[in-house]
There are 2 protein chains.
Amino acid sequence: MRQAGRALPEYRRVRGDEGLLESLMRPDLAVEVTLQPVRRYGVDAAIVFSDIVVPPAATGFGVDIKSGVGPVVEKPFRSAADLERVRPFDVEADAPWLIETVRILARELTIPLIGFAGAPFTVASYLIEGRPSRDYVQTKTLMLADTALWLALLDRLADQAIASAEAQIAAGAQAVQLFDSWAGALDPATYERFVLPATTKVLAALASSGVPLIYFGVGTGELIGMIPGAGATVVGVDWRVPLGVARERTGGSVALQGNLDPAFCVAGWEAAAPAALRILHEARDSGVDGHIFNLGHGVMPETDPDVLARIVDLVHSFERSR
Amino acid sequence: MRQAGRALPEYRRVRGDEGLLESLMRPDLAVEVTLQPVRRYGVDAAIVFSDIVVPPAATGFGVDIKSGVGPVVEKPFRSAADLERVRPFDVEADAPWLIETVRILARELTIPLIGFAGAPFTVASYLIEGRPSRDYVQTKTLMLADTALWLALLDRLADQAIASAEAQIAAGAQAVQLFDSWAGALDPATYERFVLPATTKVLAALASSGVPLIYFGVGTGELIGMIPGAGATVVGVDWRVPLGVARERTGGSVALQGNLDPAFCVAGWEAAAPAALRILHEARDSGVDGHIFNLGHGVMPETDPDVLARIVDLVHSFERSR
């Protein structure tokens, strides 16, 4: 469960007034935040506390993560002159704290650790829009009106994602999740032409590591058919796509991750439990080859942690009963 | 093209400082705004200038449409006590200006006039959230935690939509578009159980009128398979679902409307034209039985009207060449 921490009082306590990016740069804090939901919920894997804008932030693009807003860019990406601000991510020099955090976690955890990487399209959308967007007009405009520049940007962001993921794997991450959170803003033909090459570059570069590669985006029901071919071994889907449908579209060759609507956990246990069971049955009955139960998006801050704890127990009981 | 006016200088001129709801209440203004894109673009149908919150606003629920924000509710819907604030919509008494506007338009137009209605789910989401939302947590929570109240609310909103649409048809509207803009926030099982009955009630009540009934929502790719059975004769889809895919999911029994990404029109003619042609070819080649070319969502305010004019010409040229 991504962002599982932010619903926890112990998370808010340990974060205090520290900014999100500043928290990531302190391995003691980042390790603690990663471990909190593991202790609280007894989940089967941990994902390193990170953010998709870490590479541009660590390489000096000028990104901050504002509380209650999200990533905000001081000088958004606008023209070819901005390309030099998207420089190679030398993780050891630029973000030694990331390597240190992953090393400590790999040593302390008895469950698998998932590394964290932002996919080129979604990172680009933040750099171009300058802040979270509803319609991605500026992103799409740059993509269509200056395609050469767009592809050059995505290629550089692919390199940053590869460097970040490789460093995390080398430090002990046993899987990587590539977050293409907002790729669902695109129609399939546009995704295929303007984004898939960069997605594929990242996944292909990480294939030799042998670790599972999870690709996730929101509203990507029409895109997921392309993702196994791009090299992902696990496809995450939000709650809109039933897992049986996701299995058909992905050809049955990959594992699936998802897909409980996080809002149902806010609505309470009585609402969330039947929906969770429906998903477990759907995965089993439709012959999904490997299902990682998860929410279909990040945990909402107003979620009652007890509901999440009971959902984890429910999933474990279901698995034991099979 | 919905919201085609707001990209036009003549629209901004005629609206001036008048509030949106206040503009709708003035038939001279509402007629003029409806006609502006018809004159400017030469489109093949007009949609009455309206808003999905007209019935609750006109029956005194306490709704305003704030510039740059959208519908804002003074006292959001929270409990059974609020149900009495969702009273029957007596269009002649509550919104005579709506009837007057439609009458004038039906008389003046030489092309079909589409009536405008908000679907129960989407109207409910505004009444409950109190303002535009990203995640619809409060809506989903009420739906799941107090299902009886939810269904009672949707039933009343269905009655309001029926009253509104029937009055517009009686005044001369030759089709009705039911806007369920945010239904795509729901997974299919949840939509089927908690929303489809109210959608079906509206469409079934309007069936006897014999006019085409268009159902539209954003991100509804996984829901559209249910819509022909609910009684729609046209299904609108956003740009995420290729028309060939939409045809398969809707069983080929309905016409389709859509589905150019409105952001492409902002990006300019060079970006929009090939995408528009792709859609026209897709509709033709996949055997869609009746295609209404449209954008996949409302026109963005920053769109250059000349791009839209050229898109309309392109569609007409394509049709003439068939």
# chains A, B, ... in the order shown; residues from 1 in each chain; ligands from 1

$ interface_residues --of "chain A" --to "chain B" --cutoff "10 Å" --atoms "only C-alpha atoms" --output "PyMOL selection string"
chain A and resi 134-146+184-190+219-223+238-242+245+259-272+275+278+300+302

$ write_last_selection --atoms "N, CA and C atoms" --output "compact mmCIF listing (two decimals), in the first residue's frame"
# COMPACT_ATOMS: atom_id res chain seq x y z
N ARG A 134 -4.84 18.80 -13.86
CA ARG A 134 -6.02 17.98 -14.11
C ARG A 134 -6.05 17.51 -15.56
N ASP A 135 -5.51 18.31 -16.46
CA ASP A 135 -5.72 18.02 -17.88
C ASP A 135 -4.42 17.88 -18.69
N TYR A 136 -3.28 18.22 -18.11
CA TYR A 136 -1.98 18.00 -18.76
C TYR A 136 -1.88 18.68 -20.12
N VAL A 137 -2.51 19.84 -20.24
CA VAL A 137 -2.52 20.55 -21.52
C VAL A 137 -1.12 20.95 -21.95
N GLN A 138 -0.33 21.48 -21.01
CA GLN A 138 1.01 21.92 -21.41
C GLN A 138 1.89 20.74 -21.77
N THR A 139 1.71 19.64 -21.04
CA THR A 139 2.48 18.43 -21.35
C THR A 139 2.15 17.93 -22.75
N LYS A 140 0.85 17.83 -23.03
CA LYS A 140 0.43 17.33 -24.34
C LYS A 140 0.83 18.30 -25.45
N THR A 141 0.76 19.60 -25.15
CA THR A 141 1.14 20.58 -26.16
C THR A 141 2.61 20.45 -26.52
N LEU A 142 3.47 20.34 -25.52
CA LEU A 142 4.90 20.17 -25.81
C LEU A 142 5.13 18.88 -26.59
N MET A 143 4.48 17.81 -26.16
CA MET A 143 4.62 16.50 -26.80
C MET A 143 4.29 16.56 -28.28
N LEU A 144 3.20 17.28 -28.60
CA LEU A 144 2.69 17.29 -29.98
C LEU A 144 3.33 18.38 -30.82
N ALA A 145 3.63 19.51 -30.17
CA ALA A 145 4.10 20.66 -30.93
C ALA A 145 5.62 20.66 -31.09
N ASP A 146 6.32 20.00 -30.16
CA ASP A 146 7.78 19.93 -30.27
C ASP A 146 8.23 18.52 -29.90
N GLY A 184 -2.58 7.57 -17.65
CA GLY A 184 -3.96 7.37 -18.08
C GLY A 184 -4.61 8.62 -18.64
N ALA A 185 -3.89 9.74 -18.63
CA ALA A 185 -4.42 10.95 -19.26
C ALA A 185 -4.33 10.87 -20.79
N LEU A 186 -3.61 9.88 -21.29
CA LEU A 186 -3.37 9.77 -22.74
C LEU A 186 -4.22 8.69 -23.39
N ASP A 187 -4.61 8.92 -24.63
CA ASP A 187 -5.23 7.85 -25.40
C ASP A 187 -4.16 6.85 -25.83
N PRO A 188 -4.57 5.60 -26.14
CA PRO A 188 -3.57 4.55 -26.40
C PRO A 188 -2.63 4.86 -27.57
N ALA A 189 -3.15 5.44 -28.65
CA ALA A 189 -2.28 5.70 -29.81
C ALA A 189 -1.21 6.73 -29.44
N THR A 190 -1.60 7.72 -28.67
CA THR A 190 -0.64 8.75 -28.25
C THR A 190 0.38 8.17 -27.28
N GLY A 219 -6.09 4.89 -14.09
CA GLY A 219 -6.91 5.08 -15.30
C GLY A 219 -6.25 4.57 -16.56
N THR A 220 -5.45 3.52 -16.43
CA THR A 220 -4.67 3.01 -17.57
C THR A 220 -5.31 1.78 -18.23
N GLY A 221 -6.60 1.61 -18.03
CA GLY A 221 -7.27 0.42 -18.56
C GLY A 221 -7.04 0.18 -20.04
N GLU A 222 -6.94 1.27 -20.83
CA GLU A 222 -6.76 1.09 -22.28
C GLU A 222 -5.29 0.97 -22.67
N LEU A 223 -4.39 1.14 -21.72
CA LEU A 223 -2.95 1.12 -22.02
C LEU A 223 -2.27 -0.19 -21.62
N ASP A 238 -5.72 0.42 -11.29
CA ASP A 238 -6.59 1.03 -10.29
C ASP A 238 -7.90 0.23 -10.22
N TRP A 239 -8.86 0.73 -9.44
CA TRP A 239 -10.09 -0.01 -9.17
C TRP A 239 -11.05 -0.04 -10.34
N ARG A 240 -10.79 0.77 -11.37
CA ARG A 240 -11.76 0.86 -12.47
C ARG A 240 -11.77 -0.41 -13.32
N VAL A 241 -10.65 -1.10 -13.38
CA VAL A 241 -10.54 -2.27 -14.26
C VAL A 241 -10.64 -3.55 -13.43
N PRO A 242 -11.70 -4.33 -13.61
CA PRO A 242 -11.75 -5.62 -12.88
C PRO A 242 -10.54 -6.47 -13.25
N VAL A 245 -10.71 -8.56 -16.35
CA VAL A 245 -10.55 -7.76 -17.57
C VAL A 245 -9.07 -7.42 -17.78
N ASN A 259 -6.78 -4.27 -6.43
CA ASN A 259 -7.12 -2.97 -6.97
C ASN A 259 -8.33 -2.41 -6.23
N LEU A 260 -8.23 -2.38 -4.91
CA LEU A 260 -9.32 -1.86 -4.08
C LEU A 260 -9.34 -0.33 -4.13
N ASP A 261 -10.53 0.23 -4.34
CA ASP A 261 -10.70 1.68 -4.33
C ASP A 261 -10.34 2.23 -2.95
N PRO A 262 -9.31 3.09 -2.85
CA PRO A 262 -8.88 3.59 -1.53
C PRO A 262 -10.01 4.33 -0.79
N ALA A 263 -10.94 4.90 -1.55
CA ALA A 263 -12.05 5.62 -0.91
C ALA A 263 -12.91 4.66 -0.08
N PHE A 264 -12.94 3.38 -0.49
CA PHE A 264 -13.74 2.41 0.25
C PHE A 264 -13.17 2.19 1.65
N CYS A 265 -11.85 2.34 1.80
CA CYS A 265 -11.24 2.19 3.12
C CYS A 265 -11.60 3.38 4.00
N VAL A 266 -11.78 4.54 3.38
CA VAL A 266 -12.22 5.71 4.15
C VAL A 266 -13.67 5.50 4.59
N ALA A 267 -14.47 4.88 3.71
CA ALA A 267 -15.88 4.65 4.04
C ALA A 267 -16.05 3.69 5.20
N GLY A 268 -15.02 2.89 5.50
CA GLY A 268 -15.08 2.01 6.67
C GLY A 268 -15.01 0.53 6.33
N TRP A 269 -14.83 -0.26 7.37
CA TRP A 269 -14.66 -1.70 7.22
C TRP A 269 -15.85 -2.37 6.54
N GLU A 270 -17.06 -1.95 6.89
CA GLU A 270 -18.26 -2.59 6.32
C GLU A 270 -18.31 -2.37 4.81
N ALA A 271 -17.76 -1.27 4.35
CA ALA A 271 -17.74 -0.98 2.92
C ALA A 271 -16.55 -1.65 2.24
N ALA A 272 -15.42 -1.66 2.92
CA ALA A 272 -14.18 -2.13 2.29
C ALA A 272 -14.10 -3.65 2.22
N ALA A 275 -15.79 -5.43 -0.76
CA ALA A 275 -15.09 -5.05 -2.00
C ALA A 275 -13.75 -5.77 -2.09
N ARG A 278 -14.43 -9.36 -3.00
CA ARG A 278 -14.79 -9.46 -4.42
C ARG A 278 -13.53 -9.51 -5.29
N MET A 300 -5.49 7.11 1.34
CA MET A 300 -5.90 8.49 1.60
C MET A 300 -5.59 8.87 3.04
N GLU A 302 -7.09 10.44 5.27
CA GLU A 302 -8.15 10.36 6.28
C GLU A 302 -8.57 8.92 6.60

$ select_by_dssp --residues "stretch 126-269 of chain B" --states "strand (DSSP E)" --output "list in words"
Ala175, Val176, Gln177, Leu178, Phe179, Leu213, Ile214, Tyr215, Phe216, Val234, Val235, Gly236, Ala255, Leu256, Gln257, Gly258, Asn259 and Leu260 of chain B

$ atom_distance --atom1 "atom CA of B:Trp182" --atom2 "atom CA of B:Gly217"
6.1 Å

$ closest_residue --among "B:Val72, B:Asp155, B:Phe116, B:Gln160" --to "B:Pro56" --atoms "only C-alpha atoms"
B:Gln160

$ residues_around --residues "B:Ala161" --least-positions-apart "5" --cutoff "12 Å" --atoms "only C-alpha atoms" --output "tab-separated table (two decimals) with all heavy atoms, in the first residue's frame"
chain	number	residue	atom	x	y	z
B	51	ASP	N	-26.39	23.80	-17.43
B	51	ASP	CA	-25.44	23.20	-16.50
B	51	ASP	C	-26.14	22.06	-15.78
B	51	ASP	O	-27.35	22.12	-15.56
B	51	ASP	CB	-24.93	24.24	-15.49
B	51	ASP	CG	-23.73	23.72	-14.72
B	51	ASP	OD1	-23.93	23.01	-13.71
B	51	ASP	OD2	-22.59	23.97	-15.15
B	52	ILE	N	-25.34	21.07	-15.37
B	52	ILE	CA	-25.99	19.91	-14.76
B	52	ILE	C	-26.59	20.22	-13.40
B	52	ILE	O	-27.43	19.49	-12.93
B	52	ILE	CB	-25.02	18.71	-14.64
B	52	ILE	CG1	-23.85	19.01	-13.72
B	52	ILE	CG2	-24.54	18.26	-15.99
B	52	ILE	CD1	-23.14	17.74	-13.33
B	53	VAL	N	-26.19	21.30	-12.76
B	53	VAL	CA	-26.77	21.60	-11.44
B	53	VAL	C	-28.00	22.50	-11.53
B	53	VAL	O	-28.49	22.98	-10.50
B	53	VAL	CB	-25.74	22.20	-10.46
B	53	VAL	CG1	-24.64	21.20	-10.16
B	53	VAL	CG2	-25.18	23.51	-10.97
B	54	VAL	N	-28.53	22.72	-12.74
B	54	VAL	CA	-29.71	23.59	-12.86
B	54	VAL	C	-30.89	23.10	-12.01
B	54	VAL	O	-31.46	23.90	-11.25
B	54	VAL	CB	-30.11	23.77	-14.35
B	54	VAL	CG1	-31.57	24.16	-14.50
B	54	VAL	CG2	-29.21	24.83	-15.00
B	55	PRO	N	-31.26	21.81	-12.07
B	55	PRO	CA	-32.43	21.42	-11.24
B	55	PRO	C	-32.24	21.68	-9.74
B	55	PRO	O	-33.10	22.33	-9.14
B	55	PRO	CB	-32.61	19.93	-11.57
B	55	PRO	CG	-32.05	19.79	-12.95
B	55	PRO	CD	-30.87	20.72	-12.98
B	56	PRO	N	-31.15	21.23	-9.09
B	56	PRO	CA	-31.01	21.58	-7.67
B	56	PRO	C	-30.94	23.09	-7.44
B	56	PRO	O	-31.51	23.58	-6.46
B	56	PRO	CB	-29.72	20.88	-7.23
B	56	PRO	CG	-29.10	20.31	-8.44
B	56	PRO	CD	-30.10	20.28	-9.52
B	86	VAL	N	-34.14	18.19	-1.65
B	86	VAL	CA	-34.09	17.71	-3.05
B	86	VAL	C	-35.53	17.44	-3.48
B	86	VAL	O	-35.98	16.30	-3.53
B	86	VAL	CB	-33.22	16.44	-3.17
B	86	VAL	CG1	-33.01	16.08	-4.65
B	86	VAL	CG2	-31.87	16.64	-2.49
B	87	ARG	N	-36.24	18.49	-3.77
B	87	ARG	CA	-37.68	18.36	-4.04
B	87	ARG	C	-37.93	18.25	-5.55
B	87	ARG	O	-37.05	18.51	-6.36
B	87	ARG	CB	-38.42	19.55	-3.42
B	87	ARG	CG	-38.10	20.90	-4.02
B	87	ARG	CD	-39.15	21.92	-3.56
B	87	ARG	NE	-38.85	23.27	-4.05
B	87	ARG	CZ	-39.10	23.70	-5.29
B	87	ARG	NH1	-39.60	22.88	-6.19
B	87	ARG	NH2	-38.80	24.94	-5.64
B	88	PRO	N	-39.15	17.84	-5.92
B	88	PRO	CA	-39.46	17.69	-7.34
B	88	PRO	C	-39.20	18.99	-8.11
B	88	PRO	O	-39.43	20.08	-7.59
B	88	PRO	CB	-40.95	17.33	-7.35
B	88	PRO	CG	-41.19	16.68	-6.03
B	88	PRO	CD	-40.28	17.41	-5.06
B	89	PHE	N	-38.72	18.83	-9.33
B	89	PHE	CA	-38.41	19.97	-10.20
B	89	PHE	C	-39.64	20.26	-11.06
B	89	PHE	O	-39.94	19.52	-11.99
B	89	PHE	CB	-37.19	19.59	-11.06
B	89	PHE	CG	-36.65	20.70	-11.94
B	89	PHE	CD1	-36.88	22.05	-11.67
B	89	PHE	CD2	-35.87	20.38	-13.05
B	89	PHE	CE1	-36.37	23.06	-12.49
B	89	PHE	CE2	-35.34	21.38	-13.87
B	89	PHE	CZ	-35.60	22.72	-13.59
B	90	ASP	N	-40.34	21.33	-10.71
B	90	ASP	CA	-41.51	21.77	-11.50
B	90	ASP	C	-40.98	22.81	-12.48
B	90	ASP	O	-40.89	23.99	-12.16
B	90	ASP	CB	-42.55	22.36	-10.55
B	90	ASP	CG	-43.78	22.89	-11.29
B	90	ASP	OD1	-43.72	23.02	-12.53
B	90	ASP	OD2	-44.79	23.18	-10.62
B	91	VAL	N	-40.62	22.36	-13.67
B	91	VAL	CA	-39.84	23.21	-14.57
B	91	VAL	C	-40.59	24.50	-14.93
B	91	VAL	O	-39.99	25.57	-14.95
B	91	VAL	CB	-39.42	22.43	-15.84
B	91	VAL	CG1	-38.45	23.27	-16.67
B	91	VAL	CG2	-38.77	21.10	-15.46
B	115	GLY	N	-31.07	18.79	-25.86
B	115	GLY	CA	-31.36	19.19	-24.49
B	115	GLY	C	-30.28	18.70	-23.55
B	115	GLY	O	-29.48	17.83	-23.89
B	116	PHE	N	-30.26	19.27	-22.35
B	116	PHE	CA	-29.14	19.09	-21.43
B	116	PHE	C	-29.67	18.60	-20.09
B	116	PHE	O	-30.55	19.21	-19.49
B	116	PHE	CB	-28.50	20.47	-21.25
B	116	PHE	CG	-27.15	20.49	-20.58
B	116	PHE	CD1	-26.03	20.92	-21.27
B	116	PHE	CD2	-27.00	20.10	-19.26
B	116	PHE	CE1	-24.79	20.96	-20.66
B	116	PHE	CE2	-25.76	20.13	-18.65
B	116	PHE	CZ	-24.66	20.57	-19.35
B	117	ALA	N	-29.13	17.48	-19.60
B	117	ALA	CA	-29.55	16.99	-18.27
B	117	ALA	C	-28.36	16.40	-17.53
B	117	ALA	O	-27.48	15.78	-18.12
B	117	ALA	CB	-30.65	15.94	-18.42
B	118	GLY	N	-28.33	16.61	-16.23
B	118	GLY	CA	-27.29	16.02	-15.38
B	118	GLY	C	-27.74	14.66	-14.90
B	118	GLY	O	-28.89	14.49	-14.48
B	119	ALA	N	-26.85	13.67	-14.95
B	119	ALA	CA	-27.20	12.33	-14.50
B	119	ALA	C	-27.15	12.26	-12.97
B	119	ALA	O	-26.37	12.99	-12.34
B	119	ALA	CB	-26.25	11.30	-15.12
B	120	PRO	N	-27.95	11.39	-12.38
B	120	PRO	CA	-28.07	11.35	-10.91
B	120	PRO	C	-26.73	11.23	-10.17
B	120	PRO	O	-26.49	11.98	-9.22
B	120	PRO	CB	-28.96	10.13	-10.67
B	120	PRO	CG	-29.83	10.06	-11.90
B	120	PRO	CD	-28.95	10.50	-13.03
B	121	PHE	N	-25.83	10.34	-10.61
B	121	PHE	CA	-24.57	10.19	-9.87
B	121	PHE	C	-23.78	11.49	-9.82
B	121	PHE	O	-23.31	11.92	-8.77
B	121	PHE	CB	-23.69	9.09	-10.46
B	121	PHE	CG	-22.32	9.08	-9.82
B	121	PHE	CD1	-22.11	8.49	-8.59
B	121	PHE	CD2	-21.23	9.72	-10.43
B	121	PHE	CE1	-20.86	8.52	-7.97
B	121	PHE	CE2	-19.99	9.76	-9.82
B	121	PHE	CZ	-19.81	9.15	-8.59
B	122	THR	N	-23.62	12.10	-10.98
B	122	THR	CA	-22.74	13.27	-11.05
B	122	THR	C	-23.35	14.46	-10.31
B	122	THR	O	-22.64	15.20	-9.61
B	122	THR	CB	-22.41	13.58	-12.51
B	122	THR	OG1	-21.67	12.47	-13.04
B	122	THR	CG2	-21.57	14.84	-12.65
B	123	VAL	N	-24.66	14.65	-10.44
B	123	VAL	CA	-25.29	15.72	-9.67
B	123	VAL	C	-25.15	15.45	-8.18
B	123	VAL	O	-24.78	16.34	-7.39
B	123	VAL	CB	-26.77	15.87	-10.07
B	123	VAL	CG1	-27.44	16.95	-9.22
B	123	VAL	CG2	-26.91	16.21	-11.55
B	124	ALA	N	-25.37	14.19	-7.78
B	124	ALA	CA	-25.23	13.84	-6.36
B	124	ALA	C	-23.82	14.14	-5.86
B	124	ALA	O	-23.64	14.63	-4.74
B	124	ALA	CB	-25.56	12.36	-6.15
B	154	LEU	N	-30.53	9.48	-5.14
B	154	LEU	CA	-30.41	9.28	-6.59
B	154	LEU	C	-31.78	9.18	-7.26
B	154	LEU	O	-31.96	9.66	-8.38
B	154	LEU	CB	-29.56	8.04	-6.90
B	154	LEU	CG	-28.17	8.43	-7.40
B	154	LEU	CD1	-27.40	9.17	-6.33
B	154	LEU	CD2	-27.39	7.26	-7.94
B	155	ASP	N	-32.72	8.59	-6.56
B	155	ASP	CA	-34.06	8.48	-7.12
B	155	ASP	C	-34.68	9.87	-7.31
B	155	ASP	O	-35.29	10.16	-8.35
B	155	ASP	CB	-34.94	7.63	-6.20
B	155	ASP	CG	-36.20	7.18	-6.89
B	155	ASP	OD1	-36.08	6.48	-7.92
B	155	ASP	OD2	-37.30	7.55	-6.43
B	156	ARG	N	-34.48	10.72	-6.34
B	156	ARG	CA	-35.02	12.09	-6.46
B	156	ARG	C	-34.31	12.87	-7.56
B	156	ARG	O	-34.93	13.64	-8.30
B	156	ARG	CB	-34.90	12.84	-5.13
B	156	ARG	CG	-35.86	12.28	-4.09
B	156	ARG	CD	-35.94	13.18	-2.88
B	156	ARG	NE	-36.84	12.56	-1.90
B	156	ARG	CZ	-37.54	13.24	-1.00
B	156	ARG	NH1	-37.42	14.55	-0.93
B	156	ARG	NH2	-38.33	12.62	-0.16
B	166	GLU	N	-37.81	16.16	-20.01
B	166	GLU	CA	-39.14	16.14	-20.63
B	166	GLU	C	-39.60	17.55	-21.01
B	166	GLU	O	-40.18	17.76	-22.07
B	166	GLU	CB	-40.15	15.47	-19.68
B	166	GLU	CG	-40.00	13.96	-19.66
B	166	GLU	CD	-41.02	13.26	-18.76
B	166	GLU	OE1	-41.61	13.93	-17.88
B	166	GLU	OE2	-41.22	12.04	-18.94
B	167	ALA	N	-39.32	18.49	-20.13
B	167	ALA	CA	-39.72	19.87	-20.42
B	167	ALA	C	-38.96	20.40	-21.64
B	167	ALA	O	-39.53	21.12	-22.47
B	167	ALA	CB	-39.45	20.75	-19.21
B	168	GLN	N	-37.69	20.05	-21.74
B	168	GLN	CA	-36.90	20.51	-22.89
B	168	GLN	C	-37.38	19.85	-24.18
B	168	GLN	O	-37.44	20.50	-25.24
B	168	GLN	CB	-35.41	20.25	-22.64
B	168	GLN	CG	-34.83	21.12	-21.53
B	168	GLN	CD	-33.38	20.75	-21.20
B	168	GLN	OE1	-32.49	20.97	-22.01
B	168	GLN	NE2	-33.15	20.19	-20.02
B	176	VAL	N	-31.52	14.44	-26.24
B	176	VAL	CA	-31.12	14.82	-24.88
B	176	VAL	C	-29.77	14.20	-24.60
B	176	VAL	O	-29.54	13.02	-24.92
B	176	VAL	CB	-32.14	14.35	-23.82
B	176	VAL	CG1	-31.57	14.51	-22.41
B	176	VAL	CG2	-33.44	15.13	-23.94
B	177	GLN	N	-28.87	14.99	-24.03
B	177	GLN	CA	-27.61	14.41	-23.56
B	177	GLN	C	-27.62	14.40	-22.04
B	177	GLN	O	-27.85	15.42	-21.38
B	177	GLN	CB	-26.39	15.20	-24.07
B	177	GLN	CG	-25.08	14.58	-23.59
B	177	GLN	CD	-23.90	14.80	-24.52
B	177	GLN	OE1	-24.08	15.06	-25.72
B	177	GLN	NE2	-22.69	14.70	-24.00
B	178	LEU	N	-27.40	13.19	-21.50
B	178	LEU	CA	-27.38	12.99	-20.06
B	178	LEU	C	-25.90	12.98	-19.64
B	178	LEU	O	-25.14	12.08	-20.01
B	178	LEU	CB	-28.05	11.65	-19.74
B	178	LEU	CG	-28.32	11.32	-18.27
B	178	LEU	CD1	-29.26	12.33	-17.63
B	178	LEU	CD2	-28.90	9.91	-18.16
B	179	PHE	N	-25.53	14.00	-18.89
B	179	PHE	CA	-24.13	14.15	-18.49
B	179	PHE	C	-23.86	13.43	-17.18
B	179	PHE	O	-24.32	13.87	-16.12
B	179	PHE	CB	-23.77	15.63	-18.35
B	179	PHE	CG	-23.68	16.34	-19.66
B	179	PHE	CD1	-24.79	16.94	-20.22
B	179	PHE	CD2	-22.48	16.38	-20.35
B	179	PHE	CE1	-24.71	17.59	-21.45
B	179	PHE	CE2	-22.40	17.02	-21.58
B	179	PHE	CZ	-23.51	17.62	-22.13
B	180	ASP	N	-23.11	12.32	-17.27
B	180	ASP	CA	-22.67	11.64	-16.06
B	180	ASP	C	-21.15	11.79	-16.00
B	180	ASP	O	-20.40	10.81	-15.90
B	180	ASP	CB	-23.09	10.18	-16.06
B	180	ASP	CG	-23.38	9.67	-14.66
B	180	ASP	OD1	-23.09	10.42	-13.68
B	180	ASP	OD2	-23.89	8.54	-14.52
B	198	ALA	N	-30.61	4.23	-11.17
B	198	ALA	CA	-31.08	5.61	-11.36
B	198	ALA	C	-30.84	6.08	-12.80
B	198	ALA	O	-31.68	6.77	-13.39
B	198	ALA	CB	-30.37	6.55	-10.38
B	199	THR	N	-29.68	5.70	-13.37
B	199	THR	CA	-29.43	6.02	-14.78
B	199	THR	C	-30.52	5.42	-15.66
B	199	THR	O	-31.07	6.08	-16.55
B	199	THR	CB	-28.06	5.44	-15.22
B	199	THR	OG1	-27.05	5.86	-14.31
B	199	THR	CG2	-27.69	5.89	-16.62
B	200	THR	N	-30.83	4.16	-15.38
B	200	THR	CA	-31.83	3.45	-16.17
B	200	THR	C	-33.21	4.09	-16.02
B	200	THR	O	-33.96	4.20	-16.99
B	200	THR	CB	-31.89	1.97	-15.73
B	200	THR	OG1	-30.58	1.41	-15.84
B	200	THR	CG2	-32.85	1.17	-16.60
B	201	LYS	N	-33.52	4.52	-14.80
B	201	LYS	CA	-34.82	5.17	-14.57
B	201	LYS	C	-34.97	6.39	-15.47
B	201	LYS	O	-36.01	6.59	-16.09
B	201	LYS	CB	-34.96	5.57	-13.10
B	201	LYS	CG	-36.30	6.23	-12.79
B	201	LYS	CD	-36.46	6.61	-11.33
B	201	LYS	CE	-37.84	7.28	-11.11
B	201	LYS	NZ	-38.08	7.61	-9.71
B	202	VAL	N	-33.93	7.20	-15.54
B	202	VAL	CA	-33.99	8.41	-16.37
B	202	VAL	C	-34.17	8.04	-17.84
B	202	VAL	O	-35.07	8.55	-18.53
B	202	VAL	CB	-32.71	9.27	-16.20
B	202	VAL	CG1	-32.74	10.47	-17.15
B	202	VAL	CG2	-32.54	9.73	-14.76
B	203	LEU	N	-33.32	7.14	-18.32
B	203	LEU	CA	-33.36	6.80	-19.74
B	203	LEU	C	-34.67	6.12	-20.11
B	203	LEU	O	-35.24	6.38	-21.18
B	203	LEU	CB	-32.15	5.93	-20.10
B	203	LEU	CG	-30.79	6.65	-19.97
B	203	LEU	CD1	-29.63	5.65	-20.04
B	203	LEU	CD2	-30.63	7.71	-21.06
B	204	ALA	N	-35.18	5.25	-19.23
B	204	ALA	CA	-36.43	4.55	-19.52
B	204	ALA	C	-37.60	5.53	-19.59
B	204	ALA	O	-38.48	5.41	-20.45
B	204	ALA	CB	-36.69	3.49	-18.45
B	205	ALA	N	-37.58	6.51	-18.68
B	205	ALA	CA	-38.68	7.48	-18.67
B	205	ALA	C	-38.69	8.32	-19.94
B	205	ALA	O	-39.75	8.77	-20.39
B	205	ALA	CB	-38.56	8.39	-17.44
B	206	LEU	N	-37.51	8.54	-20.51
B	206	LEU	CA	-37.43	9.39	-21.70
B	206	LEU	C	-37.60	8.61	-23.00
B	206	LEU	O	-37.73	9.20	-24.08
B	206	LEU	CB	-36.09	10.14	-21.71
B	206	LEU	CG	-35.82	11.03	-20.49
B	206	LEU	CD1	-34.43	11.66	-20.59
B	206	LEU	CD2	-36.89	12.11	-20.36

$ select_by_dssp --residues "stretch 270-316 of chain A" --states "helix (DSSP H, G or I)" --output "MDAnalysis selection string"
chainID A and resid 270:285 305:316

$ residues_around --residues "A:Val288" --least-positions-apart "2" --cutoff "12 Å" --atoms "only C-alpha atoms" --output "PyMOL selection string"
chain A and resi 234-235+242-258+279-286+290-293

$ residues_around --residues "B:Ala173" --least-positions-apart "4" --cutoff "12 Å" --atoms "only C-alpha atoms" --output "PyMOL selection string"
chain B and resi 45-48+98-107+109+111-117+164-169+177+209-213

$ atom_distance --atom1 "atom CA of B:Arg15" --atom2 "atom CA of B:Asp304"
18.7 Å

$ residues_around --residues "A:Leu127" --least-positions-apart "2" --cutoff "7 Å" --atoms "only C-alpha atoms" --output "ChimeraX atom specification"
/A:73,76-77,123-125,129-130
